[in-house]
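Enquirer: Next up, data-v2.txt (compact mmCIF, C-alpha atoms and all ligand atoms).
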```txt
# COMPACT_ATOMS: atom_id res chain seq x y z
CA ASN A 1 -18.48 12.87 0.74
CA TYR A 2 -14.88 13.41 1.79
CA ASN A 3 -13.61 9.87 2.11
CA PHE A 4 -10.68 9.22 4.48
CA ASN A 5 -11.16 5.45 4.61
CA PRO A 6 -7.99 3.42 5.12
CA GLY A 7 -8.76 0.86 2.43
CA PRO A 8 -10.67 0.06 0.39
CA ALA A 9 -10.24 3.75 -0.11
CA ALA A 10 -11.43 6.66 -2.22
CA LEU A 11 -11.23 6.30 -6.01
CA PRO A 12 -11.05 9.33 -8.30
CA LEU A 13 -14.54 10.41 -9.36
CA GLU A 14 -13.38 10.60 -12.97
CA VAL A 15 -12.44 6.92 -12.78
CA LEU A 16 -15.82 5.88 -11.39
CA GLU A 17 -17.58 7.85 -14.10
CA GLU A 18 -15.48 6.28 -16.82
CA ALA A 19 -16.10 2.81 -15.37
CA GLN A 20 -19.81 3.52 -15.27
CA ARG A 21 -19.79 4.45 -18.94
CA GLN A 22 -17.93 1.24 -19.81
CA PHE A 23 -19.78 -1.01 -17.37
CA ILE A 24 -22.24 -2.62 -19.78
CA ALA A 25 -20.47 -2.18 -23.09
CA TYR A 26 -16.70 -2.29 -22.82
CA GLY A 27 -14.91 -0.38 -25.58
CA GLY A 28 -18.25 0.32 -27.21
CA GLY A 29 -18.74 -3.43 -27.83
CA GLY A 30 -21.66 -5.67 -26.94
CA MET A 31 -20.65 -6.78 -23.43
CA SER A 32 -19.06 -5.86 -20.12
CA ILE A 33 -15.39 -6.69 -19.58
CA MET A 34 -16.56 -8.90 -16.70
CA GLU A 35 -18.32 -11.13 -19.19
CA MET A 36 -15.35 -11.58 -21.49
CA SER A 37 -12.98 -14.51 -21.63
CA HIS A 38 -9.65 -13.75 -20.04
CA ARG A 39 -8.17 -15.33 -23.17
CA SER A 40 -9.81 -12.77 -25.42
CA PRO A 41 -7.52 -10.27 -27.15
CA ALA A 42 -9.29 -7.35 -25.44
CA VAL A 43 -8.61 -8.69 -21.94
CA GLU A 44 -5.08 -9.81 -22.75
CA ARG A 45 -4.35 -6.34 -24.08
CA MET A 46 -5.91 -4.68 -21.03
CA VAL A 47 -3.75 -6.77 -18.65
CA GLU A 48 -0.60 -6.10 -20.64
CA GLU A 49 -1.23 -2.37 -20.85
CA THR A 50 -1.91 -2.17 -17.12
CA GLY A 51 1.48 -3.77 -16.41
CA GLN A 52 3.25 -1.49 -18.85
CA LEU A 53 1.67 1.62 -17.41
CA PHE A 54 2.56 0.55 -13.87
CA LYS A 55 6.19 0.14 -14.94
CA LYS A 56 6.22 3.41 -16.82
CA LEU A 57 4.79 5.41 -13.92
CA LEU A 58 7.38 4.00 -11.50
CA GLY A 59 10.20 4.11 -14.04
CA LEU A 60 10.96 0.42 -13.54
CA PRO A 61 13.64 -1.13 -15.74
CA ASP A 62 12.84 -4.11 -17.96
CA ALA A 63 14.49 -6.51 -15.54
CA TYR A 64 11.35 -6.32 -13.37
CA ARG A 65 8.29 -8.35 -14.19
CA VAL A 66 4.96 -6.94 -13.09
CA LEU A 67 2.58 -9.66 -11.94
CA PHE A 68 -1.12 -9.41 -11.12
CA MET A 69 -2.40 -11.81 -8.52
CA GLY A 70 -5.36 -12.43 -6.22
CA GLY A 71 -5.43 -13.03 -2.49
CA GLY A 72 -4.52 -9.55 -1.27
CA ALA A 73 -1.25 -8.42 0.24
CA SER A 74 -1.85 -10.95 3.03
CA MET A 75 -1.42 -13.78 0.54
CA GLN A 76 2.01 -12.36 -0.33
CA PHE A 77 2.99 -12.71 3.34
CA GLY A 78 2.80 -16.48 2.82
CA LEU A 79 3.91 -16.73 -0.81
CA ILE A 80 7.18 -14.86 -0.26
CA PRO A 81 8.69 -17.37 2.18
CA MET A 82 7.19 -20.28 0.26
CA ASN A 83 8.99 -19.11 -2.88
CA PHE A 84 12.18 -17.61 -1.55
CA LEU A 85 13.04 -19.06 1.85
CA LYS A 86 14.94 -22.31 1.37
CA GLU A 87 16.17 -24.98 3.75
CA GLY A 88 19.23 -23.71 5.65
CA GLN A 89 18.45 -20.05 4.95
CA THR A 90 17.12 -17.32 7.21
CA ALA A 91 14.63 -14.63 6.25
CA HIS A 92 15.10 -11.25 7.96
CA TYR A 93 12.11 -9.09 8.84
CA ILE A 94 12.15 -5.40 9.69
CA LEU A 95 9.31 -5.00 12.17
CA SER A 96 7.78 -1.54 12.11
CA GLY A 97 4.04 -2.09 12.52
CA SER A 98 1.36 -4.72 12.76
CA PHE A 99 1.33 -5.68 9.07
CA SER A 100 5.09 -6.29 9.09
CA ASP A 101 4.56 -8.42 12.18
CA LYS A 102 1.90 -10.45 10.36
CA ALA A 103 4.24 -10.99 7.42
CA TYR A 104 6.89 -12.14 9.91
CA SER A 105 4.58 -14.71 11.54
CA GLU A 106 3.70 -16.15 8.16
CA ALA A 107 7.39 -16.56 7.36
CA ARG A 108 7.98 -18.31 10.68
CA ALA A 109 5.21 -20.74 9.78
CA VAL A 110 7.11 -21.61 6.61
CA GLY A 111 10.76 -21.64 7.68
CA ASN A 112 13.47 -19.91 9.62
CA ALA A 113 12.80 -16.19 10.06
CA VAL A 114 14.23 -13.61 12.46
CA ALA A 115 13.61 -9.95 13.27
CA ALA A 116 16.40 -7.86 11.75
CA ALA A 117 15.16 -4.74 13.55
CA SER A 118 12.04 -3.99 15.52
CA SER A 119 10.18 -1.11 17.13
CA LYS A 120 7.53 -3.32 18.69
CA ASP A 121 8.70 -2.43 22.22
CA SER A 122 7.82 1.19 21.60
CA LYS A 123 4.34 0.10 20.43
CA TRP A 124 5.36 1.04 16.86
CA ARG A 125 5.51 4.78 17.71
CA VAL A 126 8.91 5.07 16.07
CA LEU A 127 10.59 3.21 13.23
CA PRO A 128 13.36 0.73 14.05
CA ASP A 129 16.97 1.62 13.35
CA THR A 130 17.93 -0.01 10.07
CA ALA A 131 21.31 1.68 9.62
CA SER A 132 23.34 -1.45 10.20
CA LEU A 133 21.32 -4.60 9.77
CA LEU A 134 23.06 -7.78 10.86
CA LEU A 135 22.44 -10.25 8.07
CA GLY A 136 24.24 -13.59 8.02
CA SER A 137 25.71 -15.19 4.92
CA ASN A 138 22.68 -17.48 4.66
CA ALA A 139 20.17 -14.61 4.50
CA ALA A 140 17.42 -15.38 1.97
CA TYR A 141 15.93 -11.88 1.87
CA VAL A 142 15.02 -8.87 3.98
CA HIS A 143 11.35 -7.89 4.21
CA MET A 144 10.09 -4.43 5.12
CA THR A 145 6.80 -2.49 5.07
CA THR A 146 7.44 0.93 3.56
CA ASN A 147 4.34 2.54 5.09
CA ASN A 148 2.63 1.34 8.25
CA THR A 149 -1.03 1.87 7.51
CA ILE A 150 -2.45 1.25 10.97
CA GLU A 151 0.12 3.18 13.00
CA GLY A 152 0.79 6.00 10.52
CA SER A 153 4.56 5.79 10.05
CA GLN A 154 6.60 5.68 6.85
CA PHE A 155 10.21 4.92 5.98
CA LYS A 156 11.74 7.95 4.26
CA HIS A 157 14.99 6.10 3.73
CA ILE A 158 15.25 2.62 2.27
CA PRO A 159 17.89 0.60 4.13
CA ASP A 160 20.95 -0.98 2.56
CA THR A 161 20.92 -4.74 2.63
CA ASN A 162 24.40 -5.40 1.24
CA GLY A 163 23.30 -7.46 -1.70
CA VAL A 164 20.65 -9.47 0.16
CA PRO A 165 17.38 -9.20 -1.83
CA LEU A 166 15.07 -6.60 -0.31
CA ILE A 167 11.32 -7.23 -0.51
CA GLY A 168 8.91 -4.39 0.25
CA ASP A 169 5.25 -4.34 1.16
CA MET A 170 4.16 -1.03 -0.42
CA THR A 171 0.43 -1.62 -0.09
CA SER A 172 -0.29 1.74 1.47
CA ASP A 173 2.20 4.01 -0.27
CA ILE A 174 2.72 2.59 -3.74
CA MET A 175 2.55 5.28 -6.44
CA SER A 176 2.60 8.08 -3.88
CA ARG A 177 6.29 9.04 -3.96
CA LYS A 178 9.49 8.72 -5.88
CA MET A 179 11.72 6.01 -4.53
CA ASP A 180 14.79 4.15 -5.66
CA PHE A 181 12.81 1.08 -6.68
CA SER A 182 15.99 -0.60 -7.90
CA LYS A 183 16.89 -1.14 -4.23
CA PHE A 184 14.13 -3.75 -4.14
CA ALA A 185 14.39 -7.23 -5.60
CA MET A 186 10.63 -7.34 -5.22
CA PHE A 187 7.81 -5.16 -3.99
CA TYR A 188 4.08 -5.71 -3.84
CA ALA A 189 0.87 -3.92 -3.05
CA GLY A 190 -2.79 -4.72 -2.63
CA ALA A 191 -4.44 -2.32 -5.08
CA GLN A 192 -7.17 -1.04 -2.79
CA LYS A 193 -5.51 2.12 -1.47
CA ASN A 194 -3.62 4.04 -4.14
CA ILE A 195 -4.08 2.17 -7.38
CA GLY A 196 -7.47 0.52 -7.61
CA PRO A 197 -10.20 -1.46 -5.90
CA ALA A 198 -9.72 -4.57 -3.75
CA GLY A 199 -9.29 -7.90 -5.50
CA VAL A 200 -5.98 -7.51 -7.29
CA THR A 201 -2.47 -7.39 -5.91
CA VAL A 202 0.48 -6.24 -7.94
CA ALA A 203 3.95 -7.69 -7.45
CA ALA A 204 7.03 -6.36 -9.23
CA VAL A 205 9.77 -8.98 -9.14
CA HIS A 206 13.32 -8.68 -10.49
CA GLU A 207 14.18 -11.49 -12.87
CA ASN A 208 17.15 -12.60 -10.75
CA LEU A 209 14.81 -13.27 -7.84
CA LEU A 210 12.21 -14.85 -10.12
CA ALA A 211 14.81 -17.36 -11.22
CA ASP A 212 15.06 -18.46 -7.60
CA CYS A 213 11.43 -19.54 -6.93
CA SER A 214 11.03 -22.82 -5.07
CA GLU A 215 10.08 -25.72 -7.26
CA ARG A 216 8.34 -27.72 -4.56
CA ILE A 217 5.20 -25.63 -4.20
CA PRO A 218 1.90 -25.71 -6.07
CA THR A 219 1.95 -24.08 -9.51
CA ILE A 220 -0.52 -21.32 -8.62
CA MET A 221 1.67 -20.21 -5.72
CA LYS A 222 4.86 -19.73 -7.73
CA TYR A 223 5.75 -16.25 -8.92
CA SER A 224 7.37 -17.80 -11.99
CA THR A 225 3.97 -19.18 -13.04
CA TYR A 226 2.57 -15.65 -13.19
CA ALA A 227 5.65 -14.38 -15.03
CA ASP A 228 5.67 -17.23 -17.56
CA ASN A 229 1.99 -16.76 -18.32
CA ASP A 230 1.75 -12.95 -18.28
CA SER A 231 -0.51 -13.15 -15.20
CA LEU A 232 -3.02 -15.24 -17.18
CA TYR A 233 -2.22 -18.74 -15.96
CA ASN A 234 -5.68 -18.87 -14.41
CA THR A 235 -8.61 -16.45 -14.42
CA PRO A 236 -7.36 -13.14 -13.02
CA PRO A 237 -9.60 -10.61 -11.21
CA VAL A 238 -10.47 -8.99 -14.54
CA HIS A 239 -12.71 -6.23 -13.30
CA SER A 240 -10.37 -5.13 -10.51
CA LEU A 241 -7.56 -5.07 -13.02
CA TYR A 242 -9.59 -2.96 -15.40
CA MET A 243 -10.35 -0.48 -12.60
CA THR A 244 -6.66 -0.42 -11.71
CA LYS A 245 -5.82 0.45 -15.28
CA LEU A 246 -8.23 3.40 -15.12
CA VAL A 247 -6.67 4.60 -11.86
CA LEU A 248 -3.17 4.36 -13.32
CA GLU A 249 -4.29 6.34 -16.38
CA TRP A 250 -5.74 8.96 -14.05
CA THR A 251 -2.43 9.02 -12.14
CA GLU A 252 -0.59 9.67 -15.38
CA ARG A 253 -2.97 12.50 -16.30
CA GLN A 254 -2.33 14.13 -12.92
CA GLY A 255 1.40 14.22 -13.66
CA GLY A 256 2.51 10.79 -12.39
CA ILE A 257 4.21 10.03 -9.12
CA ALA A 258 6.03 13.36 -8.93
CA ALA A 259 2.65 15.08 -8.80
CA MET A 260 1.31 12.50 -6.32
CA GLU A 261 4.31 13.04 -4.08
CA GLN A 262 3.92 16.79 -4.08
CA SER A 263 0.23 16.64 -3.33
CA SER A 264 0.73 14.04 -0.56
CA GLU A 265 3.30 16.28 1.10
CA GLU A 266 0.99 19.24 0.92
CA LYS A 267 -2.02 17.34 2.30
CA ALA A 268 0.00 15.75 5.11
CA ALA A 269 1.67 19.05 6.05
CA LEU A 270 -1.74 20.68 6.35
CA LEU A 271 -3.09 18.07 8.79
CA TYR A 272 0.12 17.70 10.83
CA GLY A 273 0.21 21.50 10.97
CA VAL A 274 -3.20 21.56 12.69
CA ILE A 275 -2.11 18.82 15.10
CA ASP A 276 1.16 20.58 15.96
CA ALA A 277 -0.47 23.98 16.43
CA SER A 278 -3.14 22.62 18.76
CA ASP A 279 -1.16 22.80 22.04
CA GLY A 280 -1.75 19.14 22.72
CA PHE A 281 -5.48 19.15 22.00
CA TYR A 282 -4.59 16.85 19.13
CA GLN A 283 -1.68 14.51 19.87
CA GLY A 284 0.14 12.89 16.97
CA ILE A 285 0.69 9.19 17.68
CA ILE A 286 3.91 8.83 15.70
CA GLY A 287 7.24 10.54 16.44
CA GLN A 288 7.79 13.50 14.06
CA PRO A 289 10.55 12.13 11.83
CA TYR A 290 8.62 8.94 11.14
CA ARG A 291 5.25 10.39 10.25
CA SER A 292 3.47 9.01 7.23
CA ASN A 293 2.28 11.12 4.31
CA MET A 294 -0.48 8.56 3.71
CA ASN A 295 -2.01 7.82 7.12
CA VAL A 296 -2.16 10.66 9.65
CA THR A 297 -2.92 9.34 13.14
CA TRP A 298 -3.69 11.21 16.32
CA ARG A 299 -5.38 10.94 19.70
CA MET A 300 -7.30 13.34 21.90
CA ARG A 301 -7.55 13.63 25.65
CA ASP A 302 -10.30 11.06 25.94
CA GLU A 303 -12.22 8.64 23.82
CA ALA A 304 -15.51 10.49 24.25
CA LEU A 305 -14.04 13.59 22.64
CA GLU A 306 -12.60 11.51 19.80
CA LYS A 307 -16.05 10.06 19.15
CA GLN A 308 -17.55 13.56 19.15
CA LEU A 309 -15.06 14.72 16.53
CA ILE A 310 -15.84 11.69 14.36
CA ALA A 311 -19.56 12.43 14.67
CA ALA A 312 -19.08 16.13 13.89
CA ALA A 313 -17.07 15.15 10.82
CA GLU A 314 -19.74 12.76 9.62
CA GLU A 315 -22.30 15.53 9.85
CA ARG A 316 -20.24 17.40 7.27
CA GLY A 317 -19.81 14.36 5.04
CA ILE A 318 -16.25 13.71 6.24
CA VAL A 319 -16.05 9.94 6.71
CA GLY A 320 -13.59 7.17 7.57
CA LEU A 321 -11.75 8.86 10.45
CA ALA A 322 -11.91 6.21 13.18
CA GLY A 323 -8.49 4.80 14.06
CA HIS A 324 -7.80 1.10 13.64
CA ARG A 325 -9.41 -0.92 16.45
CA SER A 326 -5.97 -1.99 17.71
CA VAL A 327 -4.77 1.60 18.14
CA GLY A 328 -7.86 3.71 18.69
CA GLY A 329 -7.81 7.46 18.19
CA LEU A 330 -8.27 8.94 14.74
CA ARG A 331 -6.70 8.28 11.38
CA ALA A 332 -7.05 10.26 8.18
CA SER A 333 -5.92 8.18 5.23
CA ILE A 334 -4.95 10.64 2.53
CA TYR A 335 -4.22 8.42 -0.43
CA ASN A 336 -3.77 9.71 -3.97
CA ALA A 337 -7.46 10.03 -4.77
CA VAL A 338 -8.18 12.21 -1.71
CA PRO A 339 -8.16 15.82 -2.92
CA LEU A 340 -6.48 18.69 -1.05
CA GLU A 341 -9.96 20.15 -0.66
CA ALA A 342 -10.95 17.19 1.55
CA CYS A 343 -7.96 17.84 3.81
CA GLU A 344 -8.84 21.53 3.95
CA ALA A 345 -12.37 20.63 5.03
CA LEU A 346 -10.99 18.34 7.73
CA ALA A 347 -8.42 20.90 8.88
CA ASP A 348 -11.14 23.59 9.17
CA LEU A 349 -13.33 21.23 11.16
CA MET A 350 -10.48 20.32 13.53
CA ILE A 351 -9.65 23.97 14.18
CA GLU A 352 -13.27 24.84 14.77
CA PHE A 353 -13.82 21.79 17.00
CA GLN A 354 -10.89 22.81 19.15
CA ARG A 355 -12.20 26.35 19.45
CA VAL A 356 -15.53 25.06 20.73
CA ARG A 357 -14.35 22.10 22.87
CA GLY A 358 -10.73 22.92 23.66
N1 LIG B 401 0.08 -4.68 4.19
C1 LIG B 401 -0.26 -3.40 4.42
C2 LIG B 401 0.82 -2.37 4.60
C3 LIG B 401 -1.60 -3.05 4.49
O1 LIG B 401 -1.95 -1.79 4.73
C4 LIG B 401 -2.59 -4.04 4.32
C5 LIG B 401 -4.04 -3.72 4.39
O2 LIG B 401 -4.44 -2.68 4.81
C6 LIG B 401 -2.18 -5.35 4.10
C7 LIG B 401 -0.84 -5.63 4.03
C8 LIG B 401 -3.18 -6.46 3.94
O3 LIG B 401 -3.74 -6.32 2.68
P1 LIG B 401 -4.90 -7.25 2.14
O4 LIG B 401 -6.13 -6.86 2.87
O5 LIG B 401 -4.93 -6.90 0.67
O6 LIG B 401 -4.52 -8.65 2.37
```
Please go through the file and, once you have read it, give me the structure as structure tokens.
Expert:
Amino acid sequence: NYNFNPGPAALPLEVLEEAQRQFIAYGGGGMSIMEMSHRSPAVERMVEETGQLFKKLLGLPDAYRVLFMGGGASMQFGLIPMNFLKEGQTAHYILSGSFSDKAYSEARAVGNAVAAASSKDSKWRVLPDTASLLLGSNAAYVHMTTNNTIEGSQFKHIPDTNGVPLIGDMTSDIMSRKMDFSKFAMFYAGAQKNIGPAGVTVAAVHENLLADCSERIPTIMKYSTYADNDSLYNTPPVHSLYMTKLVLEWTERQGGIAAMEQSSEEKAALLYGVIDASDGFYQGIIGQPYRSNMNVTWRMRDEALEKQLIAAAEERGIVGLAGHRSVGGLRASIYNAVPLEACEALADLMIEFQRVRG
């Protein structure tokens, strides 16, 4: 199959094969890693090495702590204001797509939050202007979503926040491109797109921000608890973490994020090229400068035709192309584990489909 699912998404075949070999007898021992105590040296080492590899691949300085948590990226939407939005402060949200809007509503449920910039009025077809954000002196943090998974847009430039901590949801483009990560006081990602299976969420938090966690929240919800206990305060999602480690090792073997970035650009250019050369048969949903290299979205002249393309794709083993139910149309999610060959197969199909139905 060529898997274009938006998440959980394709995993490298090599990783699945390795996991299969280790499934019953981890490290050649007598049991699966799922059966081991999270206090055992083997699991402790696995968790530590996963964090180190994550940092190494992104080139993160020591001042960042890498934390592994449960609850998905959606849990972070709530934990961030609970930890970092204090009485008398305002949290600023850059609204660029439906996930950023969800994060914003969670913050409003916790405290005072405002939209620093928004493209909601244009139905998320463009990215909001973040060149001069108006942040008051009581700003707690700025939150942004670097890649809008549902809509298919991506920030190429990370805004300046004039010293206000910037927090990024990188769920759908983590590990896919070089970025000045030091611009972020914190960033987080559900693993299930570029770095692993569902079940584990990674958060990288600068120690200055960590020092600022609220005291008046339950222990398990504080980032400092995860930092103080090396992500082993309670039972972590051991198997998801182990799979994440394998995906990160695979990423390193491919040449790290530089290689991921180059291949993402190539894959995206191929699909956008077909869309742009189609004389409107395929219509990109997102304005050109904002297009994502992870989620390519487009529409066709009517829904019936879109369904026919999806069916024709499935016949060739090309799956996962239906757009999100809130947007419709089609979406090809081309995360790190999707090979160029899959995009070539899709591009060929789209060209042929247009020739027959155009
Ligand atoms: N943020 C972004 C950008 C996402 O793409 C997603 C899921 O697709 C989420 C948050 C929600 O993640 P989770 O399902 O891990 O809670």
Enquirer: In Å, with one decimal, what is the gap from atom CA of A:Asn83 to atom CA of A:Tyr226?
Expert: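 It comes out at 12.6 Å.
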Enquirer: Which of these residues is nearest to A:Gly51, using only C-alpha atoms: A:Lys86, A:Lys267, A:Lys245, A:Arg299?
Expert: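 Checking each of A:Lys86, A:Lys267, A:Lys245, A:Arg299 against A:Gly51, counting only C-alpha atoms, the winner is A:Lys245.
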Enquirer: Report the distance between atom CA of A:Met243 and atom CA of A:Thr50 in Å, rounded to one decimal place.
Expert: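 Computing the Euclidean distance for atom CA of A:Met243 and atom CA of A:Thr50 yields 9.7 Å.
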Enquirer: Do you know which residues are within 9 Å of ligand LIG 401 (chain B) using only C-alpha atoms and all ligand atoms? Can you write them as an mmCIF file with C-alpha atoms, keeping the file's coordinate frame?
Expert:
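Wrote selection_2.cif, looks like this:
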```cif
data_model
loop_
_atom_site.group_PDB
_atom_site.id
_atom_site.type_symbol
_atom_site.label_atom_id
_atom_site.label_comp_id
_atom_site.auth_asym_id
_atom_site.auth_seq_id
_atom_site.Cartn_x
_atom_site.Cartn_y
_atom_site.Cartn_z
ATOM 1 C CA PRO A 6 -7.990 3.420 5.120
ATOM 2 C CA GLY A 7 -8.760 0.860 2.430
ATOM 3 C CA PRO A 8 -10.670 0.060 0.390
ATOM 4 C CA GLY A 70 -5.360 -12.430 -6.220
ATOM 5 C CA GLY A 71 -5.430 -13.030 -2.490
ATOM 6 C CA GLY A 72 -4.520 -9.550 -1.270
ATOM 7 C CA ALA A 73 -1.250 -8.420 0.240
ATOM 8 C CA SER A 74 -1.850 -10.950 3.030
ATOM 9 C CA MET A 75 -1.420 -13.780 0.540
ATOM 10 C CA GLN A 76 2.010 -12.360 -0.330
ATOM 11 C CA PHE A 77 2.990 -12.710 3.340
ATOM 12 C CA GLY A 97 4.040 -2.090 12.520
ATOM 13 C CA SER A 98 1.360 -4.720 12.760
ATOM 14 C CA PHE A 99 1.330 -5.680 9.070
ATOM 15 C CA SER A 100 5.090 -6.290 9.090
ATOM 16 C CA LYS A 102 1.900 -10.450 10.360
ATOM 17 C CA ALA A 103 4.240 -10.990 7.420
ATOM 18 C CA THR A 145 6.800 -2.490 5.070
ATOM 19 C CA THR A 146 7.440 0.930 3.560
ATOM 20 C CA ASN A 147 4.340 2.540 5.090
ATOM 21 C CA ASN A 148 2.630 1.340 8.250
ATOM 22 C CA THR A 149 -1.030 1.870 7.510
ATOM 23 C CA ILE A 150 -2.450 1.250 10.970
ATOM 24 C CA ASP A 169 5.250 -4.340 1.160
ATOM 25 C CA MET A 170 4.160 -1.030 -0.420
ATOM 26 C CA THR A 171 0.430 -1.620 -0.090
ATOM 27 C CA SER A 172 -0.290 1.740 1.470
ATOM 28 C CA ASP A 173 2.200 4.010 -0.270
ATOM 29 C CA ALA A 189 0.870 -3.920 -3.050
ATOM 30 C CA GLY A 190 -2.790 -4.720 -2.630
ATOM 31 C CA ALA A 191 -4.440 -2.320 -5.080
ATOM 32 C CA GLN A 192 -7.170 -1.040 -2.790
ATOM 33 C CA LYS A 193 -5.510 2.120 -1.470
ATOM 34 C CA ALA A 198 -9.720 -4.570 -3.750
ATOM 35 C CA GLY A 199 -9.290 -7.900 -5.500
ATOM 36 C CA VAL A 200 -5.980 -7.510 -7.290
ATOM 37 C CA THR A 201 -2.470 -7.390 -5.910
#
```
Enquirer: Leaving out A:Asn112 and any residue of its chain fewer than 6 positions from it, which residues lie within 8 Å of it when counting all atoms listed in the file, given as a list of chain:residue names?
Expert: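 Residues meeting the cut-off are A:Leu85, A:Gly88, A:Gln89, A:Thr90, A:Ala91.
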Enquirer: Here is a test: counting all atoms listed in the file, which residue of A:Ala342, A:Met175, A:Ala107, A:Met31 is nearest to A:Trp250?
Expert: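 Looking at the shortest contact to A:Trp250, the residue is A:Met175.
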Enquirer: If we count only C-alpha atoms, what is near A:Ser118 at a cut-off of 7 Å, once residues fewer than 6 positions away on the same chain are taken out, given as a list in words?
Expert: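 Final neighbour list, sorted by chain and number: Ile94, Leu95, Ser96 and Pro128 of chain A.
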Enquirer: Between A:Ala268, A:Ile80, A:Leu134, A:Val238, which is the closest to A:Gly168 once you count all atoms listed in the file?
Expert: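 Result for the nearest residue to A:Gly168: A:Ile80.
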Enquirer: So what do you get for atom CA of A:Gln283 versus atom CA of A:Trp298, distance-wise?
Expert: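 Interatomic distance, atom CA of A:Gln283 to atom CA of A:Trp298: 5.2 Å.
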Enquirer: For A:Arg355, which residue among A:Glu314, A:Leu57, A:Ser333, A:Ser278 is the nearest when counting all atoms listed in the file?
Expert: A:Ser278
Enquirer: Which is closer to A:Glu35 than all the others in A:His239, A:Glu315, A:Ala203, A:Val110, using only C-alpha atoms?
Expert: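 When distances to A:Glu35 are compared using only C-alpha atoms, the smallest one comes from A:His239.
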Enquirer: Given the choices A:Ile334, A:His92, A:Pro159, A:Lys178, which gets closest to A:Glu266 if the distance is worked out from all atoms listed in the file?
Expert: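 Closest residue, counting all atoms listed in the file: A:Ile334.
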Enquirer: If you take every atom of stretch 247-262 of chain A that the file lists and fit an axis-aligned box around them with 5 Å extra on each side, what centre and edge lengths come out in Å to one decimal, as AutoDock Vina command-line options?
Expert:
```
--center_x -0.3 --center_y 10.6 --center_z -10.2 --size_x 22.7 --size_y 22.4 --size_z 22.3
```
Enquirer: Using all atoms listed in the file, which residues sit within 10 Å of A:Val142 once same-chain residues fewer than 3 positions away are excluded, as a list in words?
Expert: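 That gives Thr90, Ala91, His92, Tyr93, Ile94, Ala113, Val114, Ala115, Ala116, Leu133, Leu135, Ala139, Pro159, Asp160, Thr161, Val164, Pro165, Leu166, Ile167, Gly168, Phe184 and Ala185 of chain A.
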Enquirer: Using all atoms listed in the file, which protein or nucleic acid residues come within 12 Å of A:Gly273? Drop anything in the same chain fewer than 6 positions from it, and give the result as a list of chain:residue names.
Expert: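 Neighbouring residues, sequence-local ones excluded: A:Glu265, A:Glu266, A:Lys267, A:Asp279, A:Tyr282, A:Gln283, A:Gly284, A:Gln288, A:Val296, A:Cys343, A:Glu344, A:Ala347, A:Asp348, A:Met350, A:Ile351.
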Enquirer: Can you pull out every residue within 10 Å of stretch 15-24 of chain A, counting only C-alpha atoms, but drop anything in the same chain fewer than 4 positions away, and send it as a count of residues only?
Expert: 21
